[in-house]
Amino acid sequence: MTSAAESPAAAITIANEAALGGVATRLAACLPAHAFVALHGDLGAGKTTFVKAVAAAVGIDPTEVVSPTFGLIHLHDAPAASPPVHIVHADLYRLSGLDDLREIGWDDATAARRHARVWTFVEWPERIAEALPADRLDLDIAITSETGRRLTFTGSGFMHAAIVSAMQHSEAV
């Protein structure tokens, strides 16, 4: 296992939300079958907007992807994708601890079940830091201007660390 200091990272700067689609499409193309993406960033940084862009990249109507602030977990399926994709989108800001994960149906939501690909995107992952998988992709979204963002991808574990090299070839937009 690599430490945070040894984990590979790639930073991409985008000028506006329209540029997010290309980054999300590139990420969707290289996510493993079972991916875990921990989304970090201030309120309004664009965590849900990023999940919308990934969903759109696999054929899910992005208007169906809304912040799970009150529902805590939203599930989205892209059956037309080959193989099909099941996206778990969670906002854990309101959790008070790890015990809350069981109560919200976390295990059922993130289980592979019949889906060939299950991608889990978690906003406010620090609320469940002890339960985060060691093999994951951390995405920090930093506000650089009114419309600009810096996306920093850090891979932990073999599967997710490999994603970073693919993202390093994305150009700033």
# chains A, B, ... in the order shown; residues from 1 in each chain; ligands from 1

$ residues_around --residues "range 141-155 of chain A" --least-positions-apart "6" --cutoff "9 Å" --atoms "only C-alpha atoms" --output "PyMOL selection string"
chain A and resi 4+7-17+39-42+44-47+135+161-164+167-168

$ select_by_dssp --residues "range 2-165 of chain A" --states "strand (DSSP E)" --output "PyMOL selection string"
chain A and resi 9-14+34-40+73-78+85-91+117-123+136-143+149-156

$ atom_distance --atom1 "CA of Asp91 in chain A" --atom2 "CA of Val118 in chain A"
16.8 Å

$ closest_residue --among "A:Glu103, A:Glu130, A:Asp138, A:Glu123" --to "Ser67 in chain A" --atoms "only C-alpha atoms"
A:Glu123
